[in-house]
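Below is one structure; the comments refer to it alone.
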Number of protein chains: 2
Amino acid sequence: MSTVHRLTLADILAEHSRSRPLITAVVDGDVRLDYPRLEERVARLAGALAAEGVGAGDRVLWLGQNSHRVLELLLAAGRLGAILCPANWRQSPDELAFVLSDLSPKVVVWERSEAVEAVRSRAAEAVGSGGARWVLSGDEYEEFLAGGPVEPDGFVDDTAPVLALYTAAFDGRPNAALLSHQALVAHSASLLHVRQIEPGFTFLNSGPLFHVGTMMFCLATLLAGGTNVFTPAFDAEEVCRLIDAERCTQAFLFGQMIDAVVAANAGGKYDLKSLGFISHSEEWDSMITVSDTPWCRSKMGGYGQTEVAGMLTFLGLAPGAAGFAGRPSPLVQVRLLDASGEEVPSGEAGEICARGKSIFSGYFNRPELNVKKFRGGWHHTGDLGRREPDGTITFIGPRLRMIKSGNENVYPAEVERVLKTHPAVADAAVIGVPDDQWGQSVKAVVVLRPDAVADAEALVGHVRGLLASYKKPKHVEFAESIPKKGFTPDYDALDERYGGGGYPGA
Amino acid sequence: MSTVHRLTLADILAEHSRSRPLITAVVDGDVRLDYPRLEERVARLAGALAAEGVGAGDRVLWLGQNSHRVLELLLAAGRLGAILCPANWRQSPDELAFVLSDLSPKVVVWERSEAVEAVRSRAAEAVGSGGARWVLSGDEYEEFLAGGPVEPDGFVDDTAPVLALYTAAFDGRPNAALLSHQALVAHSASLLHVRQIEPGFTFLNSGPLFHVGTMMFCLATLLAGGTNVFTPAFDAEEVCRLIDAERCTQAFLFGQMIDAVVAANAGGKYDLKSLGFISHSEEWDSMITVSDTPWCRSKMGGYGQTEVAGMLTFLGLAPGAAGFAGRPSPLVQVRLLDASGEEVPSGEAGEICARGKSIFSGYFNRPELNVKKFRGGWHHTGDLGRREPDGTITFIGPRLRMIKSGNENVYPAEVERVLKTHPAVADAAVIGVPDDQWGQSVKAVVVLRPDAVADAEALVGHVRGLLASYKKPKHVEFAESIPKKGFTPDYDALDERYGGGGYPGA
């Protein structure tokens, strides 16, 4: 990359401090910073981090609730070619201890809030300081920042990672997805497009910044030169107050959060009309301005994951689409691939694979996993999807494992999804059992709804009506419950109990 | 660049042929191609070009009026890492001969229209075939394309140039600005944002594709997966017919072109309501749908040039701005630099310099000029601008040359612009004359309006009231006219006639 084509997060801030000197960049409690002031603080913070030995590729950890400091630390890390990880303060001490030793940050900025302190102290006990400099958010952070020399704007390649978000616990432990300046800028550009973000955009960071869902709008707001309003964590009354006081044009809200906001504002105490957002309920719609941007036209935005910096496909780009995940962002390609890397025909389930500007740079310190995820030059999302006849994409579910029956591939998630659409079925899991003739055959383990009646024949017929015949279960067993690992079936336990085996590649 | 982050124009087409199989990609007379059919043709055309020896970095020339073939050739060249140049068919045979020998294309696709043939035959006479394969547009082109093997989708780095547009005749001869896949995609993404391009966007290519103004919307339409409608050249009646027949949502139209369309549709024969475009006149506004997107809110889009792939700044991103060029695209940085590369303070004139995703890759075969244009890691536009107190940018005019008076820099374009705001002044040019005390001093050559009266003192006072005192002319001479080179003053002639000289660096 030549300098003349570079665009890092630090570059964006440098431009805004010139192009938008009068615009408020961040609001956080009593803190209110315009773009020039934010840039000044970020330059000093970068200097302070550099003085602690933070350089290209090094990690900085934020351990706290939402704060403008997350954005400051991200921009300062970016100025040095370093990486910020906002840690999940809701996780267990054991999980945080894993993150601390996995990421080995050079600087940890932490918050002494009740929510954070319990997990922090026990995690720190477990791993020790690990040589990291721990800086307490608040006065100590201000002193740390103020003591920093102004870090000159050095050369950072915009393909360098700058943000690490833990996700994707494939094997029981999470992995830190690394997102580059380029990926974050490209994804933000796609949100500017689909959400039709305009001058004056003011985003309330009311969801956790350690998840991509909130972070992606925080960064799109930054790219647009808008205003980011921070609140430590979701609180319905405080969300109302901030929308009213700061004239927020969008917030991170969905489902039950919206219901809670409606309840908190039942008397109409707060004016939420500045919010241009999705339709939800009659009451909600009367409080806000229902927006007609492609992003807001549907309640479900599309398909995404941390590894693609947020959204890979947008429903807003495919009005009237057959596939409920919509169409890809303009800055990516999507392919539905089989296990051998070949594209599956339209209508068939395949792994959702992607290539393009907003794709992550791999997981931190997982070279073998990264080779696997990027095989053939495509990022393998680990999720299943399908192209509909109109070219739009349906997200089926996590891939997990594949059954090989005859010469055909059968993905349990797809069969399970169809089984669950039967009115009598409360839950279902699908495994492959060894079959002398076909290698494997499909077996369904089904939990019926209380008082519901359905026999195996009815369920097999239901699947056969909606999927290719070879995908229908050959065997059905009824059970009281499906063993789970988190939200997904525990296939190892299912295989053991119901005779699964013979999987391809196994 | 890793494959997983690649996004070439060919990649975009490959995605659309999957995501938008039912959408019409191009309309051109009787030709109507959906995305899968366009991709199939492009793959064959790439194969045919490769069979002629066209490979990475090689040039293909289009010599004709607007056609869907321009887009096909661009995409096919992009698939090979090669470069398409759509030549200006309005130029003189001498100018075209220069382009042919400068660019040395391996393949020329040409059109036997009356407009093109005169210039082509005389230019070809002058330079000979140069070893190029000449393919006649129409049946011969179809045979050429059909004979191509399907070119596999190879690895092309998206920072490779793919489009060459002649511009910037600094020294009397134009230079071919090279635009990479990345630059074109990034610029298109900025248009998707500012124009709020949505599914169903249908662009009428009614301006010449050898200029960036039309090409940039053609490519934004491609990125959005919309429909490009081609017409050979602007014809008001045909523009009306096509907008009506194809339900075009935008066209390349401005000023007098709009007036001509209004006149052609005086009887309301055509329904132009599909067009969501800028307000222009009462009649026009009643024929179309006046659009409220940021792009359409103002008649003047911002500041741009070929070397930045189109627009560098957008007025639509700066509502109520002091600077009439607005604010930079989200994907670039802008700096106003002095001759030594230092940033000038807000309010001072400096050269508009830029860095970011949509900046060009330099001029074809001009290594020394490129070093100069990219010095310090910034693209030097050659134009002067100023930051206003609100951070927005005012475009002043071309830099051309600089006067050094005392230790101060004076840009003729800036002083001329101010002189021309005096009601008595019809035209003005500013030169530097040698000055024993100050090195140079400022001299204005002024043409008064018929019957207008103003003396030197009044004009100097006018300038002093609007610019720093050292910029005011020390000498004023009145003239009947200003000698010109194209649209800009002929400074060499002015220097000779009015005693100019002593310029810095000269």
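Ordering of the structure tokens sets the chain letters (A, B, ...); residue numbers start at 1 within each chain; ligands are numbered from 1 in the order shown.
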
Need to verify the contact set: range 83-99 of chain A, 6 Å, only C-alpha atoms, exclusion of same-chain residues closer than 6 positions in sequence. Can you return it as an mmCIF file with N, CA, C and O atoms, in the first residue's frame?
```cif
data_model
loop_
_atom_site.group_PDB
_atom_site.id
_atom_site.type_symbol
_atom_site.label_atom_id
_atom_site.label_comp_id
_atom_site.auth_asym_id
_atom_site.auth_seq_id
_atom_site.Cartn_x
_atom_site.Cartn_y
_atom_site.Cartn_z
ATOM 1 N N ARG A 59 -1.072 -5.443 21.916
ATOM 2 C CA ARG A 59 -2.475 -5.368 22.310
ATOM 3 C C ARG A 59 -2.676 -4.466 23.519
ATOM 4 O O ARG A 59 -1.829 -4.423 24.434
ATOM 5 N N VAL A 60 -3.796 -3.773 23.507
ATOM 6 C CA VAL A 60 -4.254 -2.965 24.632
ATOM 7 C C VAL A 60 -5.639 -3.486 24.990
ATOM 8 O O VAL A 60 -6.438 -3.753 24.092
ATOM 9 N N LEU A 61 -5.894 -3.665 26.297
ATOM 10 C CA LEU A 61 -7.195 -4.208 26.695
ATOM 11 C C LEU A 61 -8.003 -3.158 27.434
ATOM 12 O O LEU A 61 -7.480 -2.452 28.311
ATOM 13 N N TRP A 62 -9.241 -3.035 27.068
ATOM 14 C CA TRP A 62 -10.197 -2.198 27.813
ATOM 15 C C TRP A 62 -11.077 -3.137 28.621
ATOM 16 O O TRP A 62 -11.702 -4.037 28.063
ATOM 17 N N LEU A 63 -11.110 -2.914 29.926
ATOM 18 C CA LEU A 63 -11.930 -3.748 30.783
ATOM 19 C C LEU A 63 -12.899 -2.840 31.534
ATOM 20 O O LEU A 63 -12.574 -2.321 32.611
ATOM 21 N N LEU A 74 -9.024 2.933 20.953
ATOM 22 C CA LEU A 74 -9.000 2.324 19.615
ATOM 23 C C LEU A 74 -8.225 3.212 18.641
ATOM 24 O O LEU A 74 -7.362 2.747 17.890
ATOM 25 N N ALA A 77 -4.483 3.293 19.662
ATOM 26 C CA ALA A 77 -3.834 2.039 19.259
ATOM 27 C C ALA A 77 -3.615 2.048 17.750
ATOM 28 O O ALA A 77 -2.535 1.697 17.260
ATOM 29 N N VAL A 116 -17.678 -4.682 36.987
ATOM 30 C CA VAL A 116 -16.403 -5.109 36.419
ATOM 31 C C VAL A 116 -15.460 -5.660 37.483
ATOM 32 O O VAL A 116 -14.718 -6.612 37.241
ATOM 33 N N VAL A 119 -15.178 -9.555 38.499
ATOM 34 C CA VAL A 119 -14.551 -10.426 37.506
ATOM 35 C C VAL A 119 -13.071 -10.080 37.334
ATOM 36 O O VAL A 119 -12.206 -10.949 37.251
ATOM 37 N N ARG A 122 -10.694 -11.339 40.365
ATOM 38 C CA ARG A 122 -10.473 -12.790 40.398
ATOM 39 C C ARG A 122 -9.697 -13.270 39.177
ATOM 40 O O ARG A 122 -8.891 -14.200 39.282
ATOM 41 N N ALA A 123 -9.899 -12.612 38.041
ATOM 42 C CA ALA A 123 -9.129 -12.991 36.850
ATOM 43 C C ALA A 123 -7.672 -12.594 37.012
ATOM 44 O O ALA A 123 -6.753 -13.361 36.694
ATOM 45 N N VAL A 162 -6.535 -3.515 14.009
ATOM 46 C CA VAL A 162 -6.624 -2.450 15.013
ATOM 47 C C VAL A 162 -7.633 -2.777 16.104
ATOM 48 O O VAL A 162 -7.569 -2.241 17.192
ATOM 49 N N LEU A 163 -8.531 -3.706 15.815
ATOM 50 C CA LEU A 163 -9.571 -4.057 16.783
ATOM 51 C C LEU A 163 -9.616 -5.577 16.917
ATOM 52 O O LEU A 163 -9.570 -6.292 15.921
ATOM 53 N N ALA A 164 -9.687 -6.052 18.168
ATOM 54 C CA ALA A 164 -9.839 -7.493 18.428
ATOM 55 C C ALA A 164 -11.128 -7.699 19.217
ATOM 56 O O ALA A 164 -11.333 -7.048 20.241
ATOM 57 N N LEU A 165 -11.991 -8.565 18.702
ATOM 58 C CA LEU A 165 -13.238 -8.886 19.412
ATOM 59 C C LEU A 165 -13.311 -10.405 19.584
ATOM 60 O O LEU A 165 -13.214 -11.147 18.603
ATOM 61 N N PHE A 210 -18.222 -4.345 23.287
ATOM 62 C CA PHE A 210 -17.412 -5.542 23.030
ATOM 63 C C PHE A 210 -18.081 -6.456 22.022
ATOM 64 O O PHE A 210 -17.541 -7.483 21.659
#
```

Could you pull out the strand (DSSP E) residues of range 58-125 of chain B from DSSP and send them as an MDAnalysis selection string?
chainID B and resid 59:63 83:86 107:110

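Closest approach to Pro389 in chain A from the set A:Asp11, A:Glu348, A:Glu343, A:Asp455 is made by A:Glu348, with distances taken over only C-alpha atoms.
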
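One distance worth recording is that between CA of Arg335 in chain A and CA of Ser469 in chain A, which is 24.2 Å.
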
From the options A:Val156, A:Leu494, A:Ile482, A:Ala176, which residue's atoms come nearest to Leu448 in chain A, counting only C-alpha atoms?
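Ranking A:Val156, A:Leu494, A:Ile482, A:Ala176 by distance to Leu448 in chain A, first place goes to A:Ile482.
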
If you run DSSP on this backbone, which residues of range 12-137 of chain B come out as alpha helix (DSSP H), and could you give them as JSON, numbers by chain?
{"B": [12, 13, 14, 15, 16, 17, 18, 19, 35, 36, 37, 38, 39, 40, 41, 42, 43, 44, 45, 46, 47, 48, 49, 50, 51, 68, 69, 70, 71, 72, 73, 74, 75, 76, 77, 78, 79, 80, 93, 94, 95, 96, 97, 98, 99, 100, 101, 102, 103, 114, 115, 116, 117, 118, 119, 120, 121, 122, 123, 124, 125, 126, 127]}

Please produce a file of the residues just selected, as a compact mmCIF listing (two decimals), in the first residue's frame, where the atoms kept are C-alpha atoms.
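Listed below is the output, out.txt:
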```txt
# COMPACT_ATOMS: atom_id res chain seq x y z
CA ILE B 12 -18.26 -7.28 -8.50
CA LEU B 13 -19.63 -8.64 -11.75
CA ALA B 14 -19.17 -12.21 -10.54
CA GLU B 15 -21.18 -11.41 -7.42
CA HIS B 16 -23.97 -9.67 -9.32
CA SER B 17 -24.37 -12.56 -11.72
CA ARG B 18 -25.21 -14.62 -8.62
CA SER B 19 -27.02 -12.07 -6.44
CA TYR B 35 -25.91 -9.79 -15.18
CA PRO B 36 -25.22 -13.48 -15.86
CA ARG B 37 -25.19 -12.82 -19.61
CA LEU B 38 -22.91 -9.81 -19.16
CA GLU B 39 -20.50 -11.89 -17.10
CA GLU B 40 -20.49 -14.64 -19.71
CA ARG B 41 -19.66 -12.12 -22.46
CA VAL B 42 -16.98 -10.46 -20.37
CA ALA B 43 -15.32 -13.81 -19.63
CA ARG B 44 -15.20 -14.57 -23.38
CA LEU B 45 -14.03 -11.09 -24.25
CA ALA B 46 -11.23 -11.41 -21.69
CA GLY B 47 -10.26 -14.69 -23.33
CA ALA B 48 -10.23 -13.06 -26.78
CA LEU B 49 -8.07 -10.18 -25.49
CA ALA B 50 -5.71 -12.62 -23.79
CA ALA B 51 -5.38 -14.50 -27.08
CA HIS B 68 -22.23 -1.05 -23.55
CA ARG B 69 -19.00 -2.29 -25.11
CA VAL B 70 -17.08 0.30 -23.08
CA LEU B 71 -18.25 -1.41 -19.90
CA GLU B 72 -17.63 -4.88 -21.35
CA LEU B 73 -14.10 -3.93 -22.38
CA LEU B 74 -13.39 -2.34 -19.01
CA LEU B 75 -14.53 -5.44 -17.13
CA ALA B 76 -12.67 -7.77 -19.51
CA ALA B 77 -9.47 -5.73 -19.22
CA GLY B 78 -9.91 -5.77 -15.44
CA ARG B 79 -10.16 -9.55 -15.45
CA LEU B 80 -6.69 -9.67 -17.05
CA PRO B 93 -6.62 13.69 -35.47
CA ASP B 94 -3.35 15.11 -34.16
CA GLU B 95 -4.47 14.65 -30.58
CA LEU B 96 -5.69 11.12 -31.22
CA ALA B 97 -2.44 10.25 -32.95
CA PHE B 98 -0.64 11.38 -29.80
CA VAL B 99 -2.88 9.15 -27.65
CA LEU B 100 -2.29 6.15 -29.91
CA SER B 101 1.47 6.46 -29.78
CA ASP B 102 1.54 7.44 -26.11
CA LEU B 103 -0.63 4.54 -24.96
CA GLU B 114 -19.28 9.46 -39.06
CA ALA B 115 -18.18 11.32 -35.94
CA VAL B 116 -15.39 8.88 -35.21
CA GLU B 117 -14.24 7.86 -38.65
CA ALA B 118 -12.75 11.17 -39.74
CA VAL B 119 -10.50 11.47 -36.74
CA ARG B 120 -9.62 7.77 -36.67
CA SER B 121 -8.54 7.41 -40.25
CA ARG B 122 -6.28 10.45 -40.19
CA ALA B 123 -4.79 9.53 -36.81
CA ALA B 124 -4.17 5.94 -37.88
CA GLU B 125 -2.51 7.27 -41.02
CA ALA B 126 -0.15 9.30 -38.87
CA VAL B 127 0.94 6.54 -36.49
```

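Among the candidates A:Ala183, A:Val430, A:Phe201, A:Arg6, the one nearest to Ile359 in chain B when counting only C-alpha atoms is A:Arg6.
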
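Compared by their closest atoms to chain B, and using only C-alpha atoms, the residues A:His181, A:Lys269, A:Lys372, A:His193 rank with A:His193 nearest.
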
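With only C-alpha atoms as the atoms that count, the residue of B:Val371, B:Ala224, B:Ala260, B:Ala245 with the shortest distance to chain A is B:Ala224.
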
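The interatomic distance for the pair CA of Val290 in chain B and CA of Lys273 in chain B works out to 9.0 Å.
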
Selection near Gln305 in chain B, 10 Å with only C-alpha atoms, sequence-local residues under 5 positions removed, as a PyMOL selection string:
chain B and resi 167-168+211-213+310-312+381+383

Selection above as a file: N, CA, C and O atoms, as a PDB file, in the first residue's frame:
```
ATOM      1  N   THR B 167      -6.318  13.481 -19.423  1.00  0.00           N
ATOM      2  CA  THR B 167      -6.674  14.730 -18.755  1.00  0.00           C
ATOM      3  C   THR B 167      -5.388  15.516 -18.548  1.00  0.00           C
ATOM      4  O   THR B 167      -4.328  15.135 -19.030  1.00  0.00           O
ATOM      5  N   ALA B 168      -5.499  16.644 -17.836  1.00  0.00           N
ATOM      6  CA  ALA B 168      -4.347  17.315 -17.240  1.00  0.00           C
ATOM      7  C   ALA B 168      -3.229  17.634 -18.226  1.00  0.00           C
ATOM      8  O   ALA B 168      -2.108  17.151 -18.117  1.00  0.00           O
ATOM      9  N   HIS B 211     -15.090  10.914 -20.167  1.00  0.00           N
ATOM     10  CA  HIS B 211     -14.950  11.860 -19.060  1.00  0.00           C
ATOM     11  C   HIS B 211     -15.404  11.200 -17.770  1.00  0.00           C
ATOM     12  O   HIS B 211     -16.337  10.410 -17.752  1.00  0.00           O
ATOM     13  N   VAL B 212     -14.744  11.582 -16.698  1.00  0.00           N
ATOM     14  CA  VAL B 212     -15.013  10.935 -15.418  1.00  0.00           C
ATOM     15  C   VAL B 212     -16.418  11.222 -14.908  1.00  0.00           C
ATOM     16  O   VAL B 212     -16.986  10.419 -14.160  1.00  0.00           O
ATOM     17  N   GLY B 213     -17.006  12.332 -15.325  1.00  0.00           N
ATOM     18  CA  GLY B 213     -18.330  12.716 -14.826  1.00  0.00           C
ATOM     19  C   GLY B 213     -19.410  11.704 -15.127  1.00  0.00           C
ATOM     20  O   GLY B 213     -20.263  11.412 -14.276  1.00  0.00           O
ATOM     21  N   GLY B 310     -13.227  11.112  -9.673  1.00  0.00           N
ATOM     22  CA  GLY B 310     -14.500  11.838  -9.752  1.00  0.00           C
ATOM     23  C   GLY B 310     -14.535  12.978  -8.751  1.00  0.00           C
ATOM     24  O   GLY B 310     -13.904  14.003  -8.950  1.00  0.00           O
ATOM     25  N   MET B 311     -15.234  12.762  -7.645  1.00  0.00           N
ATOM     26  CA  MET B 311     -15.399  13.813  -6.651  1.00  0.00           C
ATOM     27  C   MET B 311     -14.437  13.606  -5.473  1.00  0.00           C
ATOM     28  O   MET B 311     -14.297  12.504  -4.956  1.00  0.00           O
ATOM     29  N   LEU B 312     -13.832  14.694  -5.039  1.00  0.00           N
ATOM     30  CA  LEU B 312     -13.002  14.636  -3.827  1.00  0.00           C
ATOM     31  C   LEU B 312     -13.806  15.146  -2.635  1.00  0.00           C
ATOM     32  O   LEU B 312     -13.686  14.637  -1.525  1.00  0.00           O
ATOM     33  N   THR B 381      -3.275  18.160  -6.335  1.00  0.00           N
ATOM     34  CA  THR B 381      -4.284  18.297  -7.401  1.00  0.00           C
ATOM     35  C   THR B 381      -3.946  19.366  -8.416  1.00  0.00           C
ATOM     36  O   THR B 381      -4.513  19.386  -9.504  1.00  0.00           O
ATOM     37  N   ASP B 383      -4.758  22.370  -7.867  1.00  0.00           N
ATOM     38  CA  ASP B 383      -5.791  23.371  -7.654  1.00  0.00           C
ATOM     39  C   ASP B 383      -5.646  24.002  -6.272  1.00  0.00           C
ATOM     40  O   ASP B 383      -5.136  23.377  -5.350  1.00  0.00           O
TER      41      ASP B 383
END
```

Compile the contact shell of Pro319 in chain A as a PDB file with C-alpha atoms, in the first residue's frame: residues with an atom at most 9 Å away, counting only C-alpha atoms, same-chain residues fewer than 4 positions apart removed.
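Saved to out34.pdb:
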```pdb
ATOM      1  CA  PRO A 294     -33.081   0.570   3.472  1.00  0.00           C
ATOM      2  CA  LEU A 315     -32.067  -7.225   3.589  1.00  0.00           C
ATOM      3  CA  GLY A 326     -30.956 -10.206   1.472  1.00  0.00           C
TER       4      GLY A 326
ATOM      5  CA  PRO B 199     -31.960  -1.107  -5.624  1.00  0.00           C
TER       6      PRO B 199
END
```

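The environment of Ala263 in chain B within 12 Å, counting only C-alpha atoms and disregarding residues fewer than 5 places along the same chain, consists of Asp235, Ala236, Glu237, Val239, Cys240, Gln256, Met257, Ile258, Gly268, Lys269, Tyr270, Ser281, Glu283, Trp284 and Met287 of chain B.
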
Quick one, how far is CA of Pro398 in chain A from CA of Lys485 in chain A?
13.2 Å

Considering only C-alpha atoms, return as a PyMOL selection string whatever protein or nucleic-acid residues lie within 12 Å of Gly320 in chain B, sequence-local ones (same chain, fewer than 3 positions apart) excluded.
(chain A and resi 199-200) or (chain B and resi 294+297-298+315-317+323-327+390-392)

Expected file: the selected residues, C-alpha atoms, as an mmCIF file, in the first residue's frame:
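out34.cif, written as the output of this step:
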```
data_model
loop_
_atom_site.group_PDB
_atom_site.id
_atom_site.type_symbol
_atom_site.label_atom_id
_atom_site.label_comp_id
_atom_site.auth_asym_id
_atom_site.auth_seq_id
_atom_site.Cartn_x
_atom_site.Cartn_y
_atom_site.Cartn_z
ATOM 1 C CA PRO A 199 -24.547 14.916 8.444
ATOM 2 C CA GLY A 200 -25.790 15.335 12.016
ATOM 3 C CA PRO B 294 -27.521 14.895 -0.370
ATOM 4 C CA ARG B 297 -29.876 18.946 -2.836
ATOM 5 C CA SER B 298 -27.454 21.275 -4.560
ATOM 6 C CA LEU B 315 -21.410 19.810 -0.948
ATOM 7 C CA GLY B 316 -24.094 17.324 0.129
ATOM 8 C CA LEU B 317 -21.929 16.320 3.100
ATOM 9 C CA GLY B 323 -17.111 26.531 1.681
ATOM 10 C CA PHE B 324 -18.928 25.860 -1.556
ATOM 11 C CA ALA B 325 -17.004 22.675 -2.297
ATOM 12 C CA GLY B 326 -18.299 21.070 0.904
ATOM 13 C CA ARG B 327 -16.495 18.326 2.797
ATOM 14 C CA ASP B 390 -16.399 25.598 9.758
ATOM 15 C CA GLY B 391 -13.817 23.265 8.205
ATOM 16 C CA THR B 392 -15.499 23.124 4.823
#
```

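Minimum atom-to-atom distance to chain B, evaluated using only C-alpha atoms, belongs to A:Pro21 out of A:Gly500, A:Pro450, A:Gly362, A:Pro21.
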
Do you know which residues are at most 10 Å from Phe203 in chain B counting only C-alpha atoms, after dropping those on the same chain fewer than 4 positions away, and could you put them as a short mmCIF file (atom, residue, chain, number, x, y, z; two decimals) with C-alpha atoms, in the first residue's frame?
```cif
data_model
loop_
_atom_site.label_atom_id
_atom_site.label_comp_id
_atom_site.auth_asym_id
_atom_site.auth_seq_id
_atom_site.Cartn_x
_atom_site.Cartn_y
_atom_site.Cartn_z
CA VAL B 26 -27.03 -2.94 -19.60
CA THR B 214 -20.35 10.11 -16.68
CA PHE B 217 -22.00 7.15 -12.28
CA CYS B 218 -21.75 4.25 -14.72
CA LEU B 219 -19.43 2.53 -12.22
CA ALA B 220 -21.49 3.44 -9.16
CA THR B 221 -24.48 1.88 -10.94
CA LEU B 222 -22.39 -1.23 -11.57
CA GLY B 226 -28.30 -1.38 -11.08
CA THR B 227 -28.96 -0.88 -14.78
CA ASN B 228 -26.75 1.15 -17.14
CA VAL B 229 -28.55 2.55 -20.17
CA PHE B 230 -26.28 3.75 -22.98
CA ILE B 243 -35.87 7.96 -19.52
CA GLU B 246 -36.35 2.47 -19.28
CA ARG B 247 -37.68 4.32 -16.20
CA CYS B 248 -34.24 5.84 -15.65
CA THR B 249 -33.69 7.15 -12.12
CA GLN B 250 -30.72 9.34 -13.03
CA ALA B 251 -29.01 10.68 -16.14
CA PHE B 252 -25.88 12.70 -16.83
CA LEU B 275 -35.92 10.58 -12.72
#
```
